[in-house]
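One file, my_file.txt, carrying compact mmCIF, C-alpha atoms:
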# COMPACT_ATOMS: atom_id res chain seq x y z
CA MET Y 1 -18.90 23.66 -15.84
CA PRO Y 2 -20.32 23.48 -12.28
CA ASP Y 3 -23.09 25.78 -11.01
CA SER Y 4 -20.50 28.17 -9.56
CA GLY Y 5 -19.39 29.06 -13.06
CA GLU Y 6 -15.81 28.00 -12.34
CA VAL Y 7 -14.21 26.13 -15.24
CA ARG Y 8 -12.14 23.33 -13.76
CA ARG Y 9 -8.93 22.17 -15.40
CA PRO Y 10 -8.89 18.55 -16.58
CA ASN Y 11 -6.97 15.92 -14.64
CA LEU Y 12 -4.05 15.55 -17.01
CA TYR Y 13 -3.06 12.13 -15.65
CA PHE Y 14 -6.38 10.68 -16.81
CA ASP Y 15 -6.10 12.51 -20.13
CA GLU Y 16 -2.79 10.81 -20.89
CA VAL Y 17 -3.91 7.34 -19.79
CA LEU Y 18 -7.09 7.65 -21.86
CA CYS Y 19 -5.09 8.83 -24.86
CA GLY Y 20 -2.96 5.68 -24.74
CA SER Y 21 -6.01 3.47 -24.21
CA GLU Y 22 -7.81 4.99 -27.16
CA LEU Y 23 -4.80 4.66 -29.46
CA GLN Y 24 -4.24 0.98 -28.65
CA ALA Y 25 -7.95 0.11 -28.80
CA TRP Y 26 -8.17 1.73 -32.24
CA ARG Y 27 -5.13 -0.19 -33.47
CA ASP Y 28 -6.65 -3.44 -32.21
CA GLY Y 29 -9.99 -2.71 -33.87
CA PHE Y 30 -11.94 -2.05 -30.67
CA THR Y 31 -14.24 0.79 -29.71
CA LEU Y 32 -13.41 2.45 -26.39
CA MET Y 33 -16.28 3.49 -24.12
CA VAL Y 34 -15.28 5.92 -21.35
CA GLY Y 35 -17.10 6.61 -18.09
CA VAL Y 36 -16.02 9.01 -15.36
CA GLY Y 37 -17.64 9.24 -11.93
CA ARG Y 38 -17.02 9.51 -8.19
CA GLY Y 39 -18.52 7.87 -5.13
CA ALA Y 40 -21.78 5.99 -5.59
CA ASN Y 41 -22.08 7.49 -9.07
CA ALA Y 42 -18.93 5.63 -10.12
CA VAL Y 43 -20.53 2.28 -9.24
CA GLU Y 44 -23.62 3.11 -11.30
CA ILE Y 45 -21.51 4.12 -14.31
CA VAL Y 46 -19.34 0.99 -14.09
CA ALA Y 47 -22.38 -1.27 -13.79
CA ASP Y 48 -23.99 0.40 -16.81
CA ILE Y 49 -20.87 0.14 -18.99
CA ALA Y 50 -20.15 -3.44 -17.92
CA GLY Y 51 -23.42 -4.58 -19.47
CA ARG Y 52 -22.45 -3.23 -22.90
CA VAL Y 53 -18.77 -4.10 -23.38
CA ASP Y 54 -16.47 -7.11 -23.89
CA GLY Y 55 -14.02 -6.11 -21.15
CA LEU Y 56 -13.52 -3.44 -18.51
CA ALA Y 57 -10.39 -1.46 -17.52
CA LEU Y 58 -10.68 0.35 -14.17
CA LEU Y 59 -8.51 2.43 -11.89
CA ALA Y 60 -7.68 0.22 -8.91
CA GLY Y 61 -9.65 1.16 -5.82
CA SER Y 62 -12.26 3.13 -7.74
CA VAL Y 63 -15.14 0.71 -7.09
CA PRO Y 64 -15.84 -1.73 -4.23
CA ASP Y 65 -14.42 -5.26 -4.35
CA ASP Y 66 -17.85 -6.89 -4.34
CA VAL Y 67 -18.79 -4.95 -7.48
CA LEU Y 68 -15.59 -6.07 -9.20
CA GLU Y 69 -16.22 -9.68 -8.26
CA HIS Y 70 -19.76 -9.56 -9.61
CA ILE Y 71 -18.69 -8.02 -12.94
CA SER Y 72 -15.70 -10.34 -13.37
CA ARG Y 73 -18.04 -13.34 -13.52
CA ARG Y 74 -19.25 -12.04 -16.89
CA ILE Y 75 -16.40 -10.07 -18.49
CA PRO Y 76 -12.62 -9.73 -17.95
CA ILE Y 77 -11.30 -6.87 -15.80
CA VAL Y 78 -7.95 -5.07 -16.01
CA LEU Y 79 -6.99 -2.90 -13.04
CA ILE Y 80 -4.84 0.15 -13.77
CA ALA Y 81 -2.48 1.48 -11.04
CA GLY Y 82 -1.74 -0.20 -7.74
CA ALA Y 83 0.11 -3.43 -6.99
CA ARG Y 84 -1.55 -6.83 -7.21
CA ARG Y 85 -3.44 -7.88 -4.12
CA ASP Y 86 -4.96 -11.27 -3.37
CA ASP Y 87 -7.11 -11.33 -6.52
CA ASP Y 88 -7.30 -12.94 -9.95
CA TYR Y 89 -7.55 -9.76 -12.03
CA ASP Y 90 -5.02 -8.57 -14.58
CA HIS Y 91 -2.99 -5.57 -13.34
CA VAL Y 92 -1.10 -2.80 -15.12
CA THR Y 93 0.85 -0.38 -12.93
CA VAL Y 94 4.08 1.63 -12.62
CA ALA Y 95 7.02 1.54 -10.19
CA ASN Y 96 5.42 3.95 -7.70
CA ALA Y 97 7.39 2.99 -4.61
CA GLU Y 98 10.71 2.85 -6.45
CA GLY Y 99 10.17 6.25 -8.02
CA MET Y 100 9.21 7.99 -4.78
CA HIS Y 101 12.07 6.25 -2.99
CA ALA Y 102 14.58 7.58 -5.53
CA LEU Y 103 13.15 11.10 -5.33
CA THR Y 104 13.18 11.15 -1.53
CA ARG Y 105 16.74 9.83 -1.37
CA HIS Y 106 17.79 12.61 -3.74
CA VAL Y 107 16.19 15.22 -1.50
CA ILE Y 108 17.88 13.74 1.59
CA ASP Y 109 21.27 12.67 0.26
CA ASP Y 110 21.99 15.21 -2.47
CA LEU Y 111 20.14 18.26 -1.15
CA GLY Y 112 20.75 17.65 2.57
CA VAL Y 113 17.12 17.89 3.67
CA ARG Y 114 16.10 15.98 6.80
CA ASP Y 115 12.71 17.56 7.52
CA ALA Y 116 10.92 16.79 4.27
CA VAL Y 117 7.13 16.74 4.66
CA TYR Y 118 4.92 14.40 2.64
CA VAL Y 119 1.71 15.57 0.95
CA SER Y 120 -0.40 12.49 0.30
CA GLY Y 121 -3.21 11.77 -2.10
CA PRO Y 122 -6.42 10.01 -1.11
CA GLN Y 123 -5.41 7.45 1.50
CA SER Y 124 -7.42 4.65 -0.10
CA THR Y 125 -5.72 4.85 -3.50
CA PRO Y 126 -3.18 2.12 -4.31
CA ASP Y 127 -0.86 4.58 -6.08
CA ASP Y 128 -0.57 6.82 -3.02
CA LEU Y 129 -0.07 3.87 -0.67
CA GLU Y 130 2.90 2.69 -2.75
CA ARG Y 131 4.38 6.18 -3.07
CA HIS Y 132 4.08 6.83 0.65
CA GLU Y 133 5.80 3.52 1.35
CA GLY Y 134 8.68 4.50 -0.95
CA TYR Y 135 8.99 7.80 0.92
CA ARG Y 136 9.01 6.10 4.33
CA GLN Y 137 11.55 3.53 3.21
CA ALA Y 138 13.93 6.27 2.06
CA LEU Y 139 13.56 8.03 5.42
CA ALA Y 140 14.28 4.82 7.32
CA GLU Y 141 17.40 4.13 5.27
CA SER Y 142 18.67 7.60 6.20
CA GLY Y 143 17.96 7.14 9.90
CA ILE Y 144 14.97 9.51 9.93
CA ASP Y 145 11.89 8.58 11.94
CA ALA Y 146 8.91 8.96 9.61
CA GLU Y 147 6.57 9.35 12.58
CA SER Y 148 8.41 12.53 13.57
CA LEU Y 149 7.43 14.29 10.34
CA PRO Y 150 3.88 15.49 9.58
CA VAL Y 151 1.82 14.22 6.65
CA HIS Y 152 -0.70 16.51 4.97
CA HIS Y 153 -3.58 14.60 3.40
CA GLY Y 154 -4.71 15.70 -0.05
CA ASP Y 155 -6.89 14.44 -2.86
CA PHE Y 156 -4.61 14.75 -5.95
CA SER Y 157 -6.22 18.08 -6.95
CA ARG Y 158 -4.52 21.43 -7.49
CA ALA Y 159 -7.20 23.13 -5.39
CA ARG Y 160 -6.37 20.92 -2.40
CA GLY Y 161 -2.69 21.68 -2.91
CA ARG Y 162 -3.46 25.38 -2.56
CA GLU Y 163 -5.42 24.70 0.62
CA ILE Y 164 -2.58 22.68 2.12
CA ALA Y 165 -0.04 25.39 1.33
CA THR Y 166 -2.29 27.97 2.97
CA GLU Y 167 -2.64 25.79 6.08
CA ILE Y 168 1.13 25.26 6.30
CA LEU Y 169 1.89 28.96 6.01
CA ALA Y 170 -0.77 29.83 8.60
CA ALA Y 171 1.10 27.61 11.07
CA GLY Y 172 4.45 29.31 10.45
CA ARG Y 173 7.34 28.96 8.03
CA PRO Y 174 7.09 26.04 5.58
CA PRO Y 175 9.45 23.05 5.89
CA ARG Y 176 12.60 22.86 3.82
CA ALA Y 177 10.96 20.44 1.39
CA LEU Y 178 7.43 19.39 0.44
CA ILE Y 179 7.32 16.02 -1.31
CA CYS Y 180 3.93 15.67 -3.01
CA SER Y 181 2.26 12.48 -4.15
CA ASN Y 182 1.29 13.99 -7.51
CA ASP Y 183 2.02 16.98 -9.72
CA GLN Y 184 -1.38 18.65 -9.44
CA MET Y 185 -1.06 19.17 -5.69
CA ALA Y 186 2.58 20.25 -6.05
CA LEU Y 187 1.60 22.90 -8.60
CA GLY Y 188 -1.17 24.19 -6.34
CA ILE Y 189 1.32 24.47 -3.48
CA LEU Y 190 3.82 26.20 -5.76
CA GLU Y 191 1.22 28.84 -6.70
CA VAL Y 192 0.54 29.77 -3.07
CA LEU Y 193 4.19 29.80 -2.00
CA GLN Y 194 5.11 32.14 -4.82
CA ALA Y 195 2.15 34.42 -4.13
CA ARG Y 196 3.28 34.70 -0.50
CA GLY Y 197 6.89 35.50 -1.42
CA ILE Y 198 8.33 32.09 -0.50
CA ARG Y 199 11.19 31.35 -2.88
CA VAL Y 200 11.33 27.91 -4.54
CA PRO Y 201 13.72 26.17 -4.11
CA GLU Y 202 15.80 28.65 -2.07
CA ASP Y 203 13.35 28.67 0.85
CA THR Y 204 11.31 25.53 0.16
CA ILE Y 205 11.81 22.65 -2.27
CA VAL Y 206 8.65 21.36 -3.96
CA THR Y 207 8.44 18.04 -5.84
CA GLY Y 208 5.64 16.08 -7.50
CA PHE Y 209 4.90 12.75 -9.16
CA ASP Y 210 3.41 11.97 -12.62
CA GLY Y 211 5.28 14.15 -15.10
CA ILE Y 212 2.32 16.06 -16.55
CA GLU Y 213 2.95 18.81 -19.09
CA ASP Y 214 1.98 21.60 -16.68
CA GLY Y 215 4.94 20.70 -14.50
CA ARG Y 216 7.32 21.29 -17.39
CA MET Y 217 5.71 24.66 -18.11
CA SER Y 218 5.58 26.00 -14.54
CA THR Y 219 8.00 28.58 -13.13
CA PRO Y 220 10.12 27.13 -11.67
CA ARG Y 221 9.75 23.89 -13.56
CA LEU Y 222 8.64 21.06 -11.28
CA THR Y 223 10.97 18.30 -10.14
CA THR Y 224 8.95 15.12 -10.44
CA VAL Y 225 8.86 11.40 -11.10
CA GLN Y 226 7.63 10.85 -14.63
CA GLN Y 227 5.41 7.86 -15.17
CA PRO Y 228 4.62 6.61 -18.69
CA MET Y 229 0.94 7.51 -18.66
CA VAL Y 230 0.26 6.93 -22.35
CA ARG Y 231 2.10 3.60 -22.20
CA LEU Y 232 0.03 2.69 -19.15
CA GLY Y 233 -3.19 3.09 -21.12
CA ARG Y 234 -1.81 1.19 -24.09
CA ALA Y 235 -0.56 -1.63 -21.88
CA ALA Y 236 -4.00 -1.98 -20.29
CA MET Y 237 -5.57 -2.42 -23.73
CA ARG Y 238 -2.91 -4.96 -24.78
CA VAL Y 239 -3.53 -6.97 -21.63
CA MET Y 240 -7.27 -6.81 -22.25
CA ARG Y 241 -6.80 -8.05 -25.81
CA GLY Y 242 -4.64 -10.92 -24.54
CA ARG Y 243 -7.28 -11.86 -21.99
CA LEU Y 244 -10.04 -11.84 -24.61
CA ASP Y 245 -7.93 -14.00 -26.92
CA ASP Y 246 -7.11 -16.50 -24.15
CA PRO Y 247 -9.47 -16.29 -21.15
CA SER Y 248 -7.82 -19.28 -19.44
CA GLN Y 249 -4.30 -17.85 -19.11
CA PRO Y 250 -2.99 -17.02 -15.60
CA PRO Y 251 -3.45 -13.47 -14.25
CA ILE Y 252 -1.14 -10.97 -15.95
CA ALA Y 253 0.85 -8.30 -14.08
CA VAL Y 254 2.63 -5.54 -16.02
CA ARG Y 255 4.83 -3.05 -14.14
CA LEU Y 256 6.23 -0.10 -16.10
CA PRO Y 257 9.36 1.88 -15.11
CA VAL Y 258 9.41 5.53 -14.07
CA LYS Y 259 12.01 8.29 -14.48
CA LEU Y 260 13.28 10.92 -12.04
CA LEU Y 261 13.24 14.42 -13.58
CA LEU Y 262 15.35 16.95 -11.66
CA ARG Y 263 14.27 20.51 -12.40
CA GLU Y 264 14.40 23.99 -10.93
CA SER Y 265 11.86 23.49 -8.11
CA SER Y 266 14.52 21.46 -6.30
CA GLU Y 267 17.78 22.11 -8.11
CA GLY Y 268 17.64 25.89 -8.45
CA THR Y 269 19.40 25.99 -11.81
CA PRO Y 270 18.18 25.04 -15.29
CA GLN Y 271 18.60 21.36 -16.08
CA ALA Y 272 18.88 19.82 -19.55
CA LEU Y 273 15.75 17.74 -19.13
Give the structure from the file, written as structure tokens.
Amino acid sequence: MPDSGEVRRPNLYFDEVLCGSELQAWRDGFTLMVGVGRGANAVEIVADIAGRVDGLALLAGSVPDDVLEHISRRIPIVLIAGARRDDDYDHVTVANAEGMHALTRHVIDDLGVRDAVYVSGPQSTPDDLERHEGYRQALAESGIDAESLPVHHGDFSRARGREIATEILAAGRPPRALICSNDQMALGILEVLQARGIRVPEDTIVTGFDGIEDGRMSTPRLTTVQQPMVRLGRAAMRVMRGRLDDPSQPPIAVRLPVKLLLRESSEGTPQAL
């Protein structure tokens, strides 16, 4: 609880990934040590944990490359989320670009929307970069100039989603569709739109990405791309175990599929999903 007294909701994406990691580590007979931090604090936490463990699983882009390189000289590293770059680390990720591409094409082709606006996550995160690319590719295939549509920059939090929705409404009527890079921001936007009397999806379509439980419980339920978060954590632990068993094997890349879930925030009628 911060000094303000506000109790902040957990980031459910991390909860699910950690759940899968813990389950697989337990099954393999390992103890899982968890550290959470931001900015410079994240580097300190990673450096501290790295000195006390056999291997390290990290969210891609969460610590500087020079820190990763230094740690990898002593213990194996598995990067979670984000496509492989020019590195020798093991990677576990999901089909971010493909999922966002499918969602955007649905909004354009099936719902007839040509002014969809993208709400991004942190611009440095590999997940958001892939999702934004999938969105842009779908626009290009439909003959829509991506540069003609605004992008609102977020941070994957529900609070920032509320701020973005407030900014959009202050500038006038919202666009026909808001395609968000994650569920938390989409749910924050949904809260503000409903409070201001904007009907979803009749006036504005709202979509997310992740498939967290809150999206299934919202009113209307959130159309989203569901990624296998628990499987992502388990896969990271399996890859780590394989690397510990055979340190000399080539770098491993695991890419898990995603699923498009069409719900009331875009479809307008209950779906059997």
Check your understanding: Excluding same-chain residues fewer than 4 positions from stretch 153-167 of chain Y, what lies within 7 Å of it counting only C-alpha atoms, as JSON, numbers by chain?
Key -> {"Y": [119, 120, 121, 122, 171, 182, 184, 185, 186, 187, 188, 189, 192, 193]}
Practice item. Would you kindly return, as an MDAnalysis selection string, each protein, DNA or RNA residue with an atom no farther than 9 Å from any atom of stretch 259-271 of chain Y, considering all atoms listed in the file and excluding same-chain residues fewer than 5 positions away? Key: chainID Y and resid 99:100 102:103 107 111 177 190 200:202 204:207 211 216 219:228
What would the file look like if the residues just selected were written as a JSON list (two decimals), keeping the file's coordinate frame with C-alpha atoms?
[["chain", "number", "residue", "atom", "x", "y", "z"],
["Y", 99, "GLY", "CA", 10.17, 6.25, -8.02],
["Y", 100, "MET", "CA", 9.21, 7.99, -4.78],
["Y", 102, "ALA", "CA", 14.58, 7.58, -5.53],
["Y", 103, "LEU", "CA", 13.15, 11.10, -5.33],
["Y", 107, "VAL", "CA", 16.19, 15.22, -1.50],
["Y", 111, "LEU", "CA", 20.14, 18.26, -1.15],
["Y", 177, "ALA", "CA", 10.96, 20.44, 1.39],
["Y", 190, "LEU", "CA", 3.82, 26.20, -5.76],
["Y", 200, "VAL", "CA", 11.33, 27.91, -4.54],
["Y", 201, "PRO", "CA", 13.72, 26.17, -4.11],
["Y", 202, "GLU", "CA", 15.80, 28.65, -2.07],
["Y", 204, "THR", "CA", 11.31, 25.53, 0.16],
["Y", 205, "ILE", "CA", 11.81, 22.65, -2.27],
["Y", 206, "VAL", "CA", 8.65, 21.36, -3.96],
["Y", 207, "THR", "CA", 8.44, 18.04, -5.84],
["Y", 211, "GLY", "CA", 5.28, 14.15, -15.10],
["Y", 216, "ARG", "CA", 7.32, 21.29, -17.39],
["Y", 219, "THR", "CA", 8.00, 28.58, -13.13],
["Y", 220, "PRO", "CA", 10.12, 27.13, -11.67],
["Y", 221, "ARG", "CA", 9.75, 23.89, -13.56],
["Y", 222, "LEU", "CA", 8.64, 21.06, -11.28],
["Y", 223, "THR", "CA", 10.97, 18.30, -10.14],
["Y", 224, "THR", "CA", 8.95, 15.12, -10.44],
["Y", 225, "VAL", "CA", 8.86, 11.40, -11.10],
["Y", 226, "GLN", "CA", 7.63, 10.85, -14.63],
["Y", 227, "GLN", "CA", 5.41, 7.86, -15.17],
["Y", 228, "PRO", "CA", 4.62, 6.61, -18.69]]
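Closest to Y:Ala47 among Y:Asp87, Y:Gly61, Y:Asp109, Y:His70 is Y:His70, based on all atoms listed in the file.
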Review point. Which polymer residues have any atom within 9 Å of an atom of Y:Asp28, counting only C-alpha atoms, with same-chain residues fewer than 3 positions away left out, as a count of residues only?
Key: 6
Revision key, fill the gap. Using only C-alpha atoms, the residue out of Y:Ile179, Y:Ala60, Y:Ile45, Y:Ala97 with shortest distance to Y:Asp115 is Y:Ile179
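Atom CA of Y:Gln194 is positioned 13.4 Å from atom CA of Y:Arg173.
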Review point. Within 12 Å of Y:Ser248, counting only C-alpha atoms, which residues qualify if same-chain residues fewer than 4 places away don't, as a PyMOL selection string?
Key: chain Y and resi 76+88+242-244+252
